[in-house]
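Just data.csv here, CSV, N, CA, C and O atoms and all ligand atoms:
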chain,number,residue,atom,x,y,z
A,119,MET,N,0.8,-1.2,0.0
A,119,MET,CA,0.0,0.0,0.0
A,119,MET,C,0.9,1.3,0.0
A,119,MET,O,0.8,2.1,-0.9
A,120,MET,N,1.7,1.4,1.0
A,120,MET,CA,2.6,2.5,1.1
A,120,MET,C,3.5,2.7,-0.2
A,120,MET,O,3.6,3.7,-0.7
A,121,GLN,N,4.0,1.5,-0.6
A,121,GLN,CA,4.8,1.5,-1.8
A,121,GLN,C,4.1,2.1,-3.0
A,121,GLN,O,4.6,2.9,-3.8
A,122,LYS,N,2.8,1.8,-3.2
A,122,LYS,CA,2.0,2.3,-4.3
A,122,LYS,C,1.9,3.8,-4.3
A,122,LYS,O,2.0,4.4,-5.3
A,123,SER,N,1.5,4.4,-3.1
A,123,SER,CA,1.4,5.8,-3.1
A,123,SER,C,2.7,6.5,-3.3
A,123,SER,O,2.8,7.6,-3.9
A,124,ASP,N,3.8,5.9,-2.8
A,124,ASP,CA,5.1,6.4,-3.1
A,124,ASP,C,5.4,6.5,-4.6
A,124,ASP,O,5.9,7.5,-5.1
A,125,ASP,N,5.0,5.4,-5.2
A,125,ASP,CA,5.2,5.3,-6.7
A,125,ASP,C,4.6,6.5,-7.4
A,125,ASP,O,5.2,7.1,-8.3
A,126,SER,N,3.3,6.7,-7.1
A,126,SER,CA,2.6,7.8,-7.9
A,126,SER,C,3.1,9.1,-7.5
A,126,SER,O,3.2,10.0,-8.3
A,127,GLN,N,3.5,9.3,-6.2
A,127,GLN,CA,4.2,10.5,-5.8
A,127,GLN,C,5.4,10.8,-6.6
A,127,GLN,O,5.7,11.9,-7.1
A,128,ILE,N,6.2,9.8,-6.8
A,128,ILE,CA,7.5,9.9,-7.5
A,128,ILE,C,7.2,10.2,-9.0
A,128,ILE,O,7.9,11.1,-9.5
A,129,LYS,N,6.2,9.6,-9.6
A,129,LYS,CA,5.9,9.9,-10.9
A,129,LYS,C,5.4,11.3,-11.1
A,129,LYS,O,5.7,12.0,-12.1
A,130,ARG,N,4.6,11.7,-10.2
A,130,ARG,CA,4.1,13.1,-10.3
A,130,ARG,C,5.2,14.1,-10.1
A,130,ARG,O,5.3,15.1,-10.9
A,131,ASP,N,6.1,13.9,-9.2
A,131,ASP,CA,7.2,14.8,-9.0
A,131,ASP,C,8.1,14.8,-10.2
A,131,ASP,O,8.6,15.8,-10.7
A,132,PHE,N,8.3,13.6,-10.8
A,132,PHE,CA,9.2,13.5,-12.0
A,132,PHE,C,8.6,14.3,-13.1
A,132,PHE,O,9.3,15.0,-13.9
A,133,ARG,N,7.2,14.1,-13.3
A,133,ARG,CA,6.6,14.8,-14.4
A,133,ARG,C,6.8,16.3,-14.3
A,133,ARG,O,7.0,17.1,-15.3
A,134,LEU,N,6.7,16.8,-13.1
A,134,LEU,CA,6.9,18.3,-12.8
A,134,LEU,C,8.3,18.7,-13.1
A,134,LEU,O,8.5,19.7,-13.8
A,135,ARG,N,9.2,17.9,-12.7
A,135,ARG,CA,10.7,18.1,-13.0
A,135,ARG,C,10.9,18.1,-14.5
A,135,ARG,O,11.7,18.9,-15.0
A,136,GLN,N,10.3,17.1,-15.1
A,136,GLN,CA,10.5,17.0,-16.6
A,136,GLN,C,9.9,18.2,-17.3
A,136,GLN,O,10.6,18.7,-18.2
A,137,SER,N,8.7,18.7,-16.9
A,137,SER,CA,8.2,19.9,-17.6
A,137,SER,C,9.0,21.1,-17.4
A,137,SER,O,9.3,21.9,-18.3
A,138,ARG,N,9.5,21.2,-16.1
A,138,ARG,CA,10.4,22.4,-15.8
A,138,ARG,C,11.7,22.3,-16.6
A,138,ARG,O,12.2,23.3,-17.1
A,139,GLN,N,12.2,21.0,-16.8
A,139,GLN,CA,13.5,20.8,-17.5
A,139,GLN,C,13.3,21.2,-19.0
A,139,GLN,O,14.1,21.9,-19.6
A,140,LEU,N,12.1,20.7,-19.6
A,140,LEU,CA,11.9,21.1,-21.0
A,140,LEU,C,11.7,22.6,-21.2
A,140,LEU,O,12.2,23.1,-22.2
A,141,LEU,N,11.0,23.2,-20.2
A,141,LEU,CA,10.9,24.6,-20.3
A,141,LEU,C,12.2,25.3,-20.2
A,141,LEU,O,12.5,26.3,-21.0
A,142,ALA,N,13.1,24.9,-19.3
A,142,ALA,CA,14.4,25.5,-19.2
A,142,ALA,C,15.2,25.3,-20.4
A,142,ALA,O,16.0,26.2,-20.9
A,143,VAL,N,15.2,24.1,-21.1
A,143,VAL,CA,15.9,23.8,-22.3
A,143,VAL,C,15.4,24.8,-23.4
A,143,VAL,O,16.2,25.4,-24.1
A,144,ALA,N,14.1,25.0,-23.5
A,144,ALA,CA,13.5,25.9,-24.5
A,144,ALA,C,14.0,27.3,-24.3
A,144,ALA,O,14.4,28.0,-25.2
A,145,VAL,N,13.9,27.8,-23.0
A,145,VAL,CA,14.3,29.1,-22.7
A,145,VAL,C,15.8,29.3,-23.0
A,145,VAL,O,16.2,30.4,-23.6
A,146,ALA,N,16.6,28.4,-22.6
A,146,ALA,CA,18.0,28.5,-22.8
A,146,ALA,C,18.4,28.5,-24.3
A,146,ALA,O,19.1,29.4,-24.8
A,147,LEU,N,17.7,27.6,-25.1
A,147,LEU,CA,18.0,27.6,-26.5
A,147,LEU,C,17.5,28.9,-27.2
A,147,LEU,O,18.2,29.5,-28.0
A,148,LEU,N,16.4,29.4,-26.7
A,148,LEU,CA,15.8,30.6,-27.3
A,148,LEU,C,16.8,31.8,-27.0
A,148,LEU,O,17.1,32.6,-27.8
A,149,GLY,N,17.3,31.8,-25.7
A,149,GLY,CA,18.2,32.9,-25.3
A,149,GLY,C,19.5,32.9,-26.2
A,149,GLY,O,19.9,33.9,-26.7
A,150,ILE,N,20.0,31.7,-26.5
A,150,ILE,CA,21.2,31.5,-27.3
A,150,ILE,C,21.0,32.0,-28.7
A,150,ILE,O,21.7,32.7,-29.3
A,151,VAL,N,19.8,31.5,-29.2
A,151,VAL,CA,19.4,31.9,-30.6
A,151,VAL,C,19.2,33.4,-30.8
A,151,VAL,O,19.7,34.0,-31.7
A,152,ILE,N,18.5,34.0,-29.8
A,152,ILE,CA,18.3,35.4,-29.8
A,152,ILE,C,19.6,36.2,-29.8
A,152,ILE,O,19.8,37.1,-30.5
A,153,LEU,N,20.5,35.7,-28.9
A,153,LEU,CA,21.8,36.4,-28.8
A,153,LEU,C,22.6,36.3,-30.1
A,153,LEU,O,23.3,37.2,-30.6
A,154,ALA,N,22.5,35.1,-30.8
A,154,ALA,CA,23.2,34.9,-32.0
A,154,ALA,C,22.6,35.8,-33.1
A,154,ALA,O,23.3,36.4,-33.9
A,155,LEU,N,21.3,36.0,-33.0
A,155,LEU,CA,20.6,36.8,-34.0
A,155,LEU,C,21.0,38.3,-33.7
A,155,LEU,O,21.2,39.0,-34.7
A,156,VAL,N,21.0,38.7,-32.5
A,156,VAL,CA,21.4,40.1,-32.1
A,156,VAL,C,22.8,40.3,-32.7
A,156,VAL,O,23.1,41.4,-33.3
A,157,HIS,N,23.7,39.3,-32.6
A,157,HIS,CA,25.0,39.5,-33.1
A,157,HIS,C,25.0,39.6,-34.7
A,157,HIS,O,25.8,40.4,-35.3
A,158,LYS,N,24.2,38.8,-35.3
A,158,LYS,CA,24.2,38.7,-36.8
A,158,LYS,C,23.5,40.0,-37.4
A,158,LYS,O,24.0,40.5,-38.4
A,159,ARG,N,22.4,40.4,-36.8
A,159,ARG,CA,21.7,41.5,-37.3
A,159,ARG,C,22.0,42.8,-36.6
A,159,ARG,O,21.1,43.5,-36.0
A,160,HIS,N,23.3,43.3,-36.7
A,160,HIS,CA,23.6,44.5,-36.0
A,160,HIS,C,22.9,45.7,-36.7
A,160,HIS,O,22.9,46.8,-36.1
A,161,ASP,N,22.4,45.6,-37.9
A,161,ASP,CA,21.6,46.6,-38.5
A,161,ASP,C,20.3,46.9,-37.7
A,161,ASP,O,19.8,48.0,-37.6
A,162,LEU,N,19.8,45.8,-37.1
A,162,LEU,CA,18.5,45.9,-36.3
A,162,LEU,C,18.8,46.2,-34.9
A,162,LEU,O,18.0,47.0,-34.3
A,163,PHE,N,19.8,45.6,-34.3
A,163,PHE,CA,19.9,45.7,-32.8
A,163,PHE,C,21.1,46.5,-32.4
A,163,PHE,O,21.3,46.7,-31.2
A,164,GLY,N,21.8,47.1,-33.3
A,164,GLY,CA,23.0,47.8,-32.9
A,164,GLY,C,24.2,47.0,-32.8
A,164,GLY,O,24.1,45.7,-32.8
A,165,GLU,N,25.3,47.6,-32.6
A,165,GLU,CA,26.6,46.9,-32.5
A,165,GLU,C,26.9,46.4,-31.1
A,165,GLU,O,27.0,47.2,-30.2
A,166,PHE,N,27.0,45.1,-31.0
A,166,PHE,CA,27.5,44.6,-29.7
A,166,PHE,C,28.8,43.9,-29.9
A,166,PHE,O,29.0,43.1,-30.9
A,167,PRO,N,29.8,44.1,-29.1
A,167,PRO,CA,31.1,43.3,-29.3
A,167,PRO,C,30.8,41.8,-29.2
A,167,PRO,O,30.0,41.4,-28.4
A,168,LYS,N,31.5,41.1,-30.0
A,168,LYS,CA,31.4,39.6,-30.0
A,168,LYS,C,31.6,39.0,-28.6
A,168,LYS,O,30.9,38.1,-28.2
A,169,SER,N,32.5,39.6,-27.9
A,169,SER,CA,32.8,39.1,-26.5
A,169,SER,C,31.6,39.3,-25.6
A,169,SER,O,31.4,38.4,-24.7
A,170,THR,N,30.9,40.3,-25.8
A,170,THR,CA,29.7,40.6,-25.0
A,170,THR,C,28.6,39.5,-25.3
A,170,THR,O,28.1,38.8,-24.4
A,171,ILE,N,28.4,39.2,-26.6
A,171,ILE,CA,27.4,38.2,-27.0
A,171,ILE,C,27.8,36.9,-26.5
A,171,ILE,O,27.1,36.1,-25.9
A,172,PHE,N,29.1,36.5,-26.7
A,172,PHE,CA,29.6,35.2,-26.3
A,172,PHE,C,29.5,35.1,-24.7
A,172,PHE,O,29.1,34.0,-24.2
A,173,GLY,N,29.9,36.2,-24.0
A,173,GLY,CA,29.8,36.1,-22.6
A,173,GLY,C,28.4,35.9,-22.1
A,173,GLY,O,28.1,35.1,-21.2
A,174,LEU,N,27.4,36.6,-22.7
A,174,LEU,CA,26.0,36.4,-22.4
A,174,LEU,C,25.5,35.0,-22.6
A,174,LEU,O,24.8,34.4,-21.9
A,175,GLN,N,26.0,34.4,-23.8
A,175,GLN,CA,25.6,33.0,-24.1
A,175,GLN,C,26.2,32.1,-23.0
A,175,GLN,O,25.5,31.1,-22.6
A,176,LEU,N,27.4,32.4,-22.6
A,176,LEU,CA,28.0,31.5,-21.5
A,176,LEU,C,27.2,31.7,-20.2
A,176,LEU,O,26.9,30.7,-19.5
A,177,VAL,N,26.7,32.9,-19.9
A,177,VAL,CA,25.9,33.1,-18.7
A,177,VAL,C,24.6,32.3,-18.9
A,177,VAL,O,24.2,31.6,-17.9
A,178,VAL,N,23.9,32.3,-20.1
A,178,VAL,CA,22.7,31.5,-20.3
A,178,VAL,C,23.0,30.0,-20.0
A,178,VAL,O,22.2,29.4,-19.3
A,179,ILE,N,24.1,29.6,-20.6
A,179,ILE,CA,24.4,28.1,-20.4
A,179,ILE,C,24.7,27.8,-18.9
A,179,ILE,O,24.2,26.8,-18.4
A,180,ALA,N,25.4,28.7,-18.3
A,180,ALA,CA,25.7,28.5,-16.8
A,180,ALA,C,24.5,28.5,-16.0
A,180,ALA,O,24.3,27.6,-15.1
A,181,VAL,N,23.5,29.4,-16.3
A,181,VAL,CA,22.3,29.5,-15.5
A,181,VAL,C,21.5,28.2,-15.7
A,181,VAL,O,21.0,27.6,-14.8
A,182,PHE,N,21.5,27.8,-17.0
A,182,PHE,CA,20.7,26.5,-17.3
A,182,PHE,C,21.3,25.3,-16.6
A,182,PHE,O,20.6,24.5,-16.0
A,183,ALA,N,22.7,25.3,-16.7
A,183,ALA,CA,23.3,24.1,-16.0
A,183,ALA,C,23.1,24.1,-14.5
A,183,ALA,O,22.9,23.1,-13.9
A,184,GLY,N,23.1,25.3,-13.9
A,184,GLY,CA,22.8,25.5,-12.5
A,184,GLY,C,21.4,25.0,-12.2
A,184,GLY,O,21.2,24.3,-11.2
A,185,PHE,N,20.4,25.5,-13.0
A,185,PHE,CA,19.1,25.1,-12.8
A,185,PHE,C,18.9,23.6,-12.9
A,185,PHE,O,18.2,22.9,-12.1
A,186,ALA,N,19.5,23.0,-14.0
A,186,ALA,CA,19.3,21.6,-14.3
A,186,ALA,C,19.9,20.7,-13.1
A,186,ALA,O,19.4,19.7,-12.8
A,187,SER,N,21.0,21.2,-12.6
A,187,SER,CA,21.7,20.4,-11.5
A,187,SER,C,20.8,20.4,-10.3
A,187,SER,O,21.0,19.4,-9.5
A,188,VAL,N,19.9,21.3,-10.1
A,188,VAL,CA,19.0,21.3,-8.9
A,188,VAL,C,17.7,20.6,-9.3
A,188,VAL,O,17.2,19.8,-8.5
A,189,ASN,N,17.2,20.9,-10.5
A,189,ASN,CA,15.9,20.3,-10.9
A,189,ASN,C,16.0,18.9,-11.4
A,189,ASN,O,15.1,18.1,-11.1
A,190,TRP,N,17.0,18.6,-12.2
A,190,TRP,CA,17.0,17.3,-12.9
A,190,TRP,C,17.5,16.2,-12.1
A,190,TRP,O,18.6,15.6,-12.3
A,191,ARG,N,16.8,15.9,-11.0
A,191,ARG,CA,17.2,14.9,-10.1
A,191,ARG,C,16.1,13.9,-9.8
A,191,ARG,O,14.9,14.2,-9.9
A,192,CYS,N,16.5,12.6,-9.5
A,192,CYS,CA,15.5,11.6,-9.2
A,192,CYS,C,14.7,12.1,-7.9
A,192,CYS,O,15.3,12.4,-6.9
A,193,PRO,N,13.3,12.0,-8.0
A,193,PRO,CA,12.5,12.4,-6.9
A,193,PRO,C,12.7,11.5,-5.7
A,193,PRO,O,12.5,11.9,-4.5
A,194,SER,N,13.2,10.3,-6.0
A,194,SER,CA,13.3,9.3,-4.9
A,194,SER,C,14.7,9.4,-4.2
A,194,SER,O,14.8,9.5,-3.0
A,195,CYS,N,15.8,9.3,-5.0
A,195,CYS,CA,17.1,9.3,-4.4
A,195,CYS,C,17.9,10.6,-4.5
A,195,CYS,O,19.0,10.7,-4.0
A,196,LYS,N,17.3,11.5,-5.3
A,196,LYS,CA,17.9,12.9,-5.5
A,196,LYS,C,19.2,12.9,-6.3
A,196,LYS,O,20.0,13.8,-6.2
A,197,LYS,N,19.5,11.8,-7.0
A,197,LYS,CA,20.7,11.7,-7.8
A,197,LYS,C,20.4,12.4,-9.2
A,197,LYS,O,19.3,12.3,-9.7
A,198,TYR,N,21.4,13.0,-9.8
A,198,TYR,CA,21.3,13.6,-11.1
A,198,TYR,C,20.9,12.6,-12.1
A,198,TYR,O,21.4,11.4,-12.1
A,199,LEU,N,19.9,12.9,-13.0
A,199,LEU,CA,19.3,11.9,-13.9
A,199,LEU,C,20.1,11.8,-15.3
A,199,LEU,O,19.7,10.9,-16.1
A,200,GLY,N,21.0,12.6,-15.5
A,200,GLY,CA,21.8,12.5,-16.8
A,200,GLY,C,21.1,13.1,-18.0
A,200,GLY,O,20.2,13.9,-17.8
A,201,HIS,N,21.5,12.7,-19.2
A,201,HIS,CA,21.1,13.5,-20.4
A,201,HIS,C,19.7,13.1,-20.9
A,201,HIS,O,19.2,13.8,-21.7
A,202,ASP,N,19.2,11.9,-20.5
A,202,ASP,CA,18.0,11.4,-21.1
A,202,ASP,C,16.8,12.1,-20.5
A,202,ASP,O,16.4,11.8,-19.4
A,203,ILE,N,16.1,12.9,-21.3
A,203,ILE,CA,14.9,13.7,-20.8
A,203,ILE,C,13.7,12.7,-20.6
A,203,ILE,O,12.8,13.0,-19.9
A,204,ASN,N,13.7,11.6,-21.3
A,204,ASN,CA,12.6,10.6,-21.2
A,204,ASN,C,12.9,9.4,-20.4
A,204,ASN,O,12.4,8.3,-20.6
A,205,ARG,N,13.9,9.6,-19.5
A,205,ARG,CA,14.2,8.4,-18.6
A,205,ARG,C,13.0,7.9,-17.9
A,205,ARG,O,12.2,8.6,-17.4
A,206,SER,N,12.8,6.6,-18.0
A,206,SER,CA,11.6,6.0,-17.3
A,206,SER,C,12.0,5.3,-16.0
A,206,SER,O,11.1,5.1,-15.1
A,207,ILE,N,13.3,5.0,-15.8
A,207,ILE,CA,13.7,4.3,-14.6
A,207,ILE,C,15.0,5.0,-14.1
A,207,ILE,O,15.9,5.2,-14.9
A,208,CYS,N,15.1,5.3,-12.8
A,208,CYS,CA,16.3,5.9,-12.3
A,208,CYS,C,17.4,4.9,-12.3
A,208,CYS,O,17.2,3.8,-11.8
A,209,LYS,N,18.5,5.3,-12.9
A,209,LYS,CA,19.7,4.3,-13.0
A,209,LYS,C,20.3,4.0,-11.6
A,209,LYS,O,20.8,3.0,-11.4
A,210,LYS,N,20.1,5.0,-10.7
A,210,LYS,CA,20.8,4.9,-9.4
A,210,LYS,C,20.0,4.0,-8.4
A,210,LYS,O,20.5,3.1,-7.8
A,211,CYS,N,18.7,4.3,-8.3
A,211,CYS,CA,17.9,3.6,-7.3
A,211,CYS,C,16.8,2.7,-7.9
A,211,CYS,O,16.2,2.0,-7.1
A,212,GLY,N,16.6,2.7,-9.2
A,212,GLY,CA,15.7,1.9,-9.8
A,212,GLY,C,14.2,2.3,-9.7
A,212,GLY,O,13.3,1.5,-10.1
A,213,ALA,N,14.0,3.5,-9.2
A,213,ALA,CA,12.6,4.0,-9.1
A,213,ALA,C,12.0,4.2,-10.5
A,213,ALA,O,12.6,4.7,-11.4
A,214,ARG,N,10.7,3.8,-10.6
A,214,ARG,CA,10.0,4.0,-11.9
A,214,ARG,C,9.6,5.5,-11.9
A,214,ARG,O,8.9,6.0,-11.0
A,215,LEU,N,10.0,6.2,-13.0
A,215,LEU,CA,9.8,7.6,-13.0
A,215,LEU,C,8.5,8.0,-13.8
A,215,LEU,O,8.0,9.1,-13.7
A,216,GLN,N,8.1,7.1,-14.8
A,216,GLN,CA,6.9,7.4,-15.6
A,216,GLN,C,6.3,6.1,-16.1
A,216,GLN,O,6.9,5.1,-16.0
A,301,ZN,ZN,16.7,7.4,-8.0
Could I get this structure in the form of C-alpha cells?
Amino acid sequence: MMQKSDDSQIKRDFRLRQSRQLLAVAVALLGIVILALVHKRHDLFGEFPKSTIFGLQLVVIAVFAGFASVNWRCPSCKKYLGHDINRSICKKCGARLQ
C-alpha cells in the first residue's frame, strides 16, 4: 500500500521536474538563438562586441546548467538523472519515473 502511493508521488514529482526541465531547455535555446541573432543583425539591434554576446551566451548556459543540476534529479534518491529527458527508470535507485 505504502509502496504504491510512493510510486505515484514519484511519478508526479518526476513529471513536474520533466516539464520544468523542458521549459528550461526551451528558454536556454531561445536565449542563445536570440543572442546569435542580435550578433548577426547589428543593423537591427545595434553593434555589440562579439565578446559581450559570447559572454552572455555563456551566462545563459551556466544558469541553465545550474538550474538543471538542482531540478533534474530523481525524486526518490535525489541523484542527477543524466542526459535522457525521457528516462523511465532511475539508474541509481531503480525507481519508476513514468
Ligand atoms: Zn533514483
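One finds atom CA of A:Asn189 at 13.8 Å from atom CA of A:Ile128.
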Grab the atom CA of A:Val143 to atom N of A:Phe182 distance for me, in Å with one decimal place.
-> 8.7 Å
Can you tell me how far atom CA of A:Lys196 sits from atom CA of A:Ser123, in Å to one decimal?
->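 Atom-to-atom, atom CA of A:Lys196 to atom CA of A:Ser123, that is 18.1 Å.
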Which chains and residue numbers are within 5 Å of ligand ZN 301 (chain A), counting only N, CA, C and O atoms and all ligand atoms, if I want them as a PyMOL selection string?
-> chain A and resi 192+194-196+208+210-213
Could you pull the residues within 8 Å of stretch 146-153 of chain A, counting only C-alpha atoms, minus those fewer than 5 positions along the same chain, as number ranges by chain?
-> A: 171, 174-175, 178-179, 182
For A:Leu215, the nearest of the candidates A:Lys158, A:Arg191, A:Lys168, A:Arg133, counting only N, CA, C and O atoms |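 The closest residue to A:Leu215 is A:Arg133.
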DSSP-assigned helix (DSSP H, G or I) members of chain A, reported as a PyMOL selection string = chain A and resi 120-158+160-163+168-189
Enumerate as a ChimeraX atom specification all residues of chain A assigned to strand (DSSP E or B) by DSSP on the backbone, naming them with the chain letters and numbers the document uses.
-> /A:191,198,207,214
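Each of A:Asn204, A:Phe185, A:Pro193, A:Leu155 was compared to A:Gln127 using only N, CA, C and O atoms, and A:Pro193 turns out to be the nearest.
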Counting all atoms listed in the file, the residue of A:Pro167, A:Gly173, A:Val156, A:Trp190 that sits nearest A:Arg138 =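 Looking only at the distances to A:Arg138, the closest residue turns out to be A:Trp190.
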Let me know the centre plus edge lengths, in Å and rounded to one decimal, of a box with edges along x, y and z that contains all listed atoms of stretch 167-182 of chain A and is padded by 3 Å on every side, as JSON.
{"center_x": 26.7, "center_y": 34.3, "center_z": -22.4, "size_x": 18.2, "size_y": 25.6, "size_z": 21.2}
